[in-house]
Each structure stands twice: as structure tokens, then as C-alpha cells.
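Since the structure comes first, as C-alpha cells, the remarks are kept for the end.
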Amino acid sequence: ASCLWIAGAVAVIAYHALKHLRFIRMVRRWSEEITNRQMLHMLQNLKDELGIKQQVTLQMCHCVTIPMLIGFFRPVVLLPPTIKTSDEMALILRHELVHLKRNDLWYKGLVLLATAVHWFNPVVYIMAKAIAVQCEISCDERVLQGASFQQRKQYCETIIRAVRNGSKHLTALSTNFYGGKKGMK
């Protein structure tokens with residue numbers, strides 16, 4: 001029984017590790033670092049506002065359909081090429097930087113480890129999904145704290161555009177701009 005449990009845990013970890021490595025390889029191939037001064041200035045201002053000292057890279061990635069944060073030690077915000085306005089960009093960057101400030105990637109890694117250890121328990125998978133959804137909801141709440149009605153409306157429209165685009169390529173070790181259609185409802 002111990003061997004079966006260990007084999008299952010190793011299989012879960014190996015599956016997610018390989019999926020993440022494939023995703024990282026795809027991102028490296030299809031993304032380009034953003035050098036637009038206005039976007040970089042906006043990123044720096046938001047980092048200063050949130051009190052983030054860590055270096056954060058901003059990349060445009062043609063293989064992602066929703067904005068996301070990846071990287072434990074060298075965080076990267078991946079942006080899809082569909083972002084239209086600077087207001088939309090500011091909301092998205094704030095959302096991803098809140099994830100960084102809260103160390104959500106580390107929590108997701110911990111949840112992944114718990115899922116691997118308890119791979120045989122279906123309740124753990126439900127718990128992991130609920131944690132991901134609640135993580136996104138609390139991040140949205142923090143982003144909209146003190147926002148006007150118009151800013152809240154714009155943020156909701158930005159999320160709805162992300163929902164329409166869907167999410168083709170995801171990894172368990174990233175934060176996504178929205179928690180899925182079900183979580184959104």
C-alpha cells in the first residue's frame with residue numbers, strides 16, 4: 001500500500017512538473033519582452049504603490065489567451081496580444097502584482113503538494129479548485145478596493161473579455177486573471 005501511495009504521489013508531481021516545463025518552454029519560444037516605456041513605467045508605478053521591491057519582467061506571449069503570473073524567483077507577467085487600452089493594462093497589472101505580493105504562487109505550490117500527497121482523495125481536488133477560485137476572488141476584491149463604480153465596471157468588462165478568450169494553455173504553477181466561467185458566475 002505504501003508503494004502504491006508513493007507511486008501515485010510521484011506520478012501526480014511528475015505530471016504537473018512536465019506540464020509546467022512544457023508550458024515554460026512554449027512561453028520562452030513564443031514570448032517577447034515588452035520594452036514599451038509607458039507600460040514599464042506603469043508597471044514600476046504599480047510596484048511602488050503596492051510596495052513590491054522584487055524585479056518583475058513583462059512579456060507579450062502569443063500562446064496565452066489570458067494574463068498570468070509565472071515564476072517563483074524571477075516573476076514574469078505574461079500578457080496576451082489582445083489587450084487594447086492602457087486602463088485595461090493597469091487593471092491587469094495590478095491584479096497580477098497583488099498575486100505576487102500575496103505570494104499566491106507559493107500557496108499554489110503548497111496546494112499542489114497537498115494534492116500529490118493525498119492524490120487518492122477526491123475531496124482534495126475539489127479543495128484545490130475552491131482555493132484557486134477564492135484566490136482569484138480575493139485578489140479581485142483587493143484590486144477594486146476603493147474603486148469607483150466606473151472603475152469596477154471597467155474591471156468587470158476586462159474580466160468578461162478574458163472569459164470570452166478562454167484559456168488554452170495553463171499550468172498549476174501560475175496565477176490566472178480569472179478563475180474560470182463557473183467561478184465568474
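Labels used: A, B, ... for chains in the order of the C-alpha cells, numbers from 1 for residues in each chain, and numbers from 1 for ligands as shown.
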Using DSSP on the backbone coordinates, identify all residues within range 20-101 of chain A classified as strand (DSSP E or B); present the result as a ChimeraX atom specification. /A:31-33,57-61,68-70,76-79
Give me, as a CSV table (one decimal) with N, CA, C and O atoms, in the first residue's frame, all polymer residues having an atom no more than 12 Å from range 57-60 of chain A, counting only C-alpha atoms and skipping those fewer than 5 positions away in the same chain.
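Generated file (out_14.csv):
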```
chain,number,residue,atom,x,y,z
A,27,VAL,N,6.4,29.2,-23.6
A,27,VAL,CA,6.4,30.6,-23.3
A,27,VAL,C,7.8,31.3,-23.8
A,27,VAL,O,7.8,32.3,-24.4
A,28,ARG,N,8.9,30.6,-23.5
A,28,ARG,CA,10.2,31.1,-23.9
A,28,ARG,C,10.2,31.2,-25.4
A,28,ARG,O,10.9,32.2,-26.0
A,29,ARG,N,9.6,30.3,-26.1
A,29,ARG,CA,9.7,30.3,-27.6
A,29,ARG,C,8.8,31.4,-28.2
A,29,ARG,O,9.2,32.0,-29.2
A,30,TRP,N,7.6,31.6,-27.6
A,30,TRP,CA,6.6,32.5,-28.3
A,30,TRP,C,6.4,33.8,-27.6
A,30,TRP,O,5.5,34.5,-27.9
A,31,SER,N,7.3,34.2,-26.7
A,31,SER,CA,7.0,35.4,-26.0
A,31,SER,C,8.2,36.4,-26.3
A,31,SER,O,9.3,36.0,-26.6
A,32,GLU,N,7.9,37.6,-26.1
A,32,GLU,CA,8.9,38.7,-26.3
A,32,GLU,C,8.8,39.7,-25.1
A,32,GLU,O,7.7,40.0,-24.7
A,33,GLU,N,9.9,40.1,-24.6
A,33,GLU,CA,9.9,41.1,-23.5
A,33,GLU,C,9.4,42.4,-24.0
A,33,GLU,O,9.7,42.9,-25.1
A,34,ILE,N,8.5,43.0,-23.2
A,34,ILE,CA,7.9,44.3,-23.6
A,34,ILE,C,8.9,45.4,-23.2
A,34,ILE,O,9.4,45.5,-22.1
A,35,THR,N,9.2,46.3,-24.2
A,35,THR,CA,10.1,47.4,-24.0
A,35,THR,C,9.5,48.7,-24.0
A,35,THR,O,10.1,49.7,-23.9
A,36,ASN,N,8.2,48.7,-24.2
A,36,ASN,CA,7.4,50.0,-24.3
A,36,ASN,C,7.6,50.7,-23.0
A,36,ASN,O,7.2,50.2,-21.9
A,37,ARG,N,8.1,51.9,-23.0
A,37,ARG,CA,8.4,52.7,-21.8
A,37,ARG,C,7.2,53.0,-21.0
A,37,ARG,O,7.2,53.0,-19.8
A,39,MET,N,4.4,51.2,-20.7
A,39,MET,CA,4.0,50.0,-20.0
A,39,MET,C,4.9,49.7,-18.8
A,39,MET,O,4.5,49.4,-17.7
A,40,LEU,N,6.2,49.9,-19.0
A,40,LEU,CA,7.2,49.6,-18.0
A,40,LEU,C,7.1,50.6,-16.9
A,40,LEU,O,7.2,50.3,-15.7
A,41,HIS,N,6.8,51.9,-17.2
A,41,HIS,CA,6.6,52.9,-16.2
A,41,HIS,C,5.3,52.6,-15.4
A,41,HIS,O,5.3,52.8,-14.2
A,42,MET,N,4.3,52.2,-16.1
A,42,MET,CA,3.0,51.8,-15.4
A,42,MET,C,3.3,50.6,-14.4
A,42,MET,O,2.9,50.7,-13.3
A,43,LEU,N,4.1,49.6,-14.9
A,43,LEU,CA,4.4,48.5,-14.0
A,43,LEU,C,5.2,49.0,-12.8
A,43,LEU,O,4.9,48.6,-11.7
A,44,GLN,N,6.2,49.9,-13.0
A,44,GLN,CA,7.0,50.4,-11.9
A,44,GLN,C,6.2,51.2,-10.9
A,44,GLN,O,6.3,51.0,-9.7
A,47,LYS,N,4.1,48.7,-8.9
A,47,LYS,CA,5.0,48.0,-7.9
A,47,LYS,C,5.3,48.9,-6.7
A,47,LYS,O,5.3,48.5,-5.6
A,65,THR,N,-3.9,33.2,-23.7
A,65,THR,CA,-5.1,34.0,-24.0
A,65,THR,C,-5.6,34.8,-22.9
A,65,THR,O,-6.5,35.7,-23.0
A,66,ILE,N,-5.0,34.6,-21.7
A,66,ILE,CA,-5.4,35.4,-20.5
A,66,ILE,C,-4.1,35.8,-19.8
A,66,ILE,O,-3.1,35.1,-19.9
A,67,PRO,N,-4.1,37.0,-19.2
A,67,PRO,CA,-2.9,37.4,-18.4
A,67,PRO,C,-2.6,36.4,-17.3
A,67,PRO,O,-3.5,35.9,-16.7
A,68,MET,N,-1.3,36.3,-17.0
A,68,MET,CA,-1.0,35.4,-15.9
A,68,MET,C,0.4,35.7,-15.3
A,68,MET,O,1.2,36.4,-16.0
A,69,LEU,N,0.7,35.3,-14.1
A,69,LEU,CA,1.9,35.5,-13.4
A,69,LEU,C,2.6,34.1,-13.3
A,69,LEU,O,1.9,33.1,-12.9
A,70,ILE,N,3.9,34.0,-13.7
A,70,ILE,CA,4.6,32.7,-13.5
A,70,ILE,C,6.0,33.1,-12.9
A,70,ILE,O,6.4,34.2,-13.0
A,71,GLY,N,6.6,32.1,-12.3
A,71,GLY,CA,8.0,32.3,-11.8
A,71,GLY,C,8.0,32.6,-10.4
A,71,GLY,O,7.6,33.6,-9.9
A,73,PHE,N,11.0,32.7,-8.5
A,73,PHE,CA,12.2,33.5,-8.1
A,73,PHE,C,12.4,34.7,-9.0
A,73,PHE,O,12.9,35.7,-8.6
A,74,ARG,N,12.0,34.5,-10.3
A,74,ARG,CA,12.0,35.6,-11.3
A,74,ARG,C,10.7,35.8,-11.9
A,74,ARG,O,10.4,35.2,-13.0
A,75,PRO,N,9.8,36.5,-11.2
A,75,PRO,CA,8.4,36.6,-11.7
A,75,PRO,C,8.3,37.3,-13.0
A,75,PRO,O,9.0,38.2,-13.3
A,76,VAL,N,7.4,36.7,-13.8
A,76,VAL,CA,7.1,37.3,-15.2
A,76,VAL,C,5.6,37.4,-15.3
A,76,VAL,O,4.8,36.4,-15.0
A,77,VAL,N,5.1,38.6,-15.8
A,77,VAL,CA,3.7,38.7,-16.1
A,77,VAL,C,3.6,38.5,-17.6
A,77,VAL,O,4.2,39.2,-18.4
A,78,LEU,N,2.8,37.5,-18.0
A,78,LEU,CA,2.6,37.2,-19.4
A,78,LEU,C,1.3,37.9,-19.8
A,78,LEU,O,0.2,37.7,-19.1
A,79,LEU,N,1.3,38.6,-20.9
A,79,LEU,CA,0.2,39.3,-21.4
A,79,LEU,C,-0.2,38.8,-22.8
A,79,LEU,O,0.7,38.6,-23.6
A,80,PRO,N,-1.5,38.5,-23.0
A,80,PRO,CA,-1.9,38.2,-24.4
A,80,PRO,C,-1.8,39.4,-25.3
A,80,PRO,O,-1.9,40.5,-24.8
A,81,PRO,N,-1.7,39.2,-26.6
A,81,PRO,CA,-1.7,40.3,-27.5
A,81,PRO,C,-3.0,41.0,-27.7
A,81,PRO,O,-3.1,42.0,-28.4
A,82,THR,N,-4.1,40.6,-27.0
A,82,THR,CA,-5.4,41.2,-27.2
A,82,THR,C,-5.7,42.4,-26.3
A,82,THR,O,-6.8,42.9,-26.4
A,83,ILE,N,-4.8,42.8,-25.4
A,83,ILE,CA,-5.1,43.9,-24.5
A,83,ILE,C,-5.1,45.2,-25.3
A,83,ILE,O,-4.2,45.5,-26.1
A,89,MET,N,-4.8,47.6,-19.2
A,89,MET,CA,-3.4,47.2,-18.8
A,89,MET,C,-3.2,47.4,-17.3
A,89,MET,O,-2.6,46.6,-16.6
A,92,ILE,N,-5.0,44.9,-15.2
A,92,ILE,CA,-4.5,43.6,-15.3
A,92,ILE,C,-3.2,43.5,-14.5
A,92,ILE,O,-2.9,42.6,-13.7
A,93,LEU,N,-2.3,44.5,-14.7
A,93,LEU,CA,-1.0,44.5,-14.0
A,93,LEU,C,-1.2,44.6,-12.5
A,93,LEU,O,-0.5,43.9,-11.7
A,96,GLU,N,-2.2,41.1,-11.2
A,96,GLU,CA,-1.1,40.1,-11.2
A,96,GLU,C,-0.1,40.5,-10.1
A,96,GLU,O,0.5,39.6,-9.5
A,97,LEU,N,0.1,41.8,-9.9
A,97,LEU,CA,1.0,42.2,-8.8
A,97,LEU,C,0.5,41.9,-7.4
A,97,LEU,O,1.3,41.7,-6.5
```
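Take CA of Gln145 in chain A and CA of Leu50 in chain A: the distance between them is 12.8 Å.
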Close residues, Tyr155 in chain A itself excluded, 9 Å, only C-alpha atoms, min 6 positions apart in chain, as a ChimeraX atom specification: /A:88,91-92,140,144
Counting only C-alpha atoms, which of A:Lys84, A:Arg164, A:Lys101, A:His16 gets nearest to Glu49 in chain A? A:Lys101
Report, in Å with one decimal, the straight-line distance from CA of Leu100 in chain A to CA of Ser138 in chain A. 13.2 Å
Within 9 Å of His95 in chain A using only C-alpha atoms, minus same-chain residues under 6 positions, as a list of chain:residue names: A:Glu136, A:Cys139, A:Asp140, A:Arg142, A:Val143, A:Phe177
Restricting to only C-alpha atoms, whichever of A:Ile137, A:Ala7, A:Ile126, A:Val98 is closest to Ile52 in chain A is A:Val98
Output as a ChimeraX atom specification all residues of chain A that backbone DSSP marks as alpha helix (DSSP H). /A:2-30,37-50,86-101,104-117,122-143,149-165,181-184
Which one of A:His99, A:Val56, A:Arg22, A:Val117 sits closest to Ile6 in chain A if you count only C-alpha atoms? A:Val117
A:Ala116, A:Gly109, A:Gln55, A:Ala130 ranked by distance to Tyr15 in chain A, top pick (using only C-alpha atoms):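 With only C-alpha atoms as the atom set, the closest residue is A:Ala116.
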Of the listed residues A:Ala172, A:Val124, A:Ala11, A:Gln38, that which approaches Thr85 in chain A most closely, counting only C-alpha atoms: A:Gln38
Select, from A:Asp87, A:Glu141, A:Asp104, A:Asp48, the residue with the minimum atom-to-atom distance to Phe72 in chain A, counting only C-alpha atoms.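 Counting only C-alpha atoms, the residue closest to Phe72 in chain A is A:Asp104.
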Write out as a count of residues only each polymer residue whose atoms come within 12 Å of Lys19 in chain A, counting only C-alpha atoms; drop sequence neighbours fewer than 3 positions from it. 16
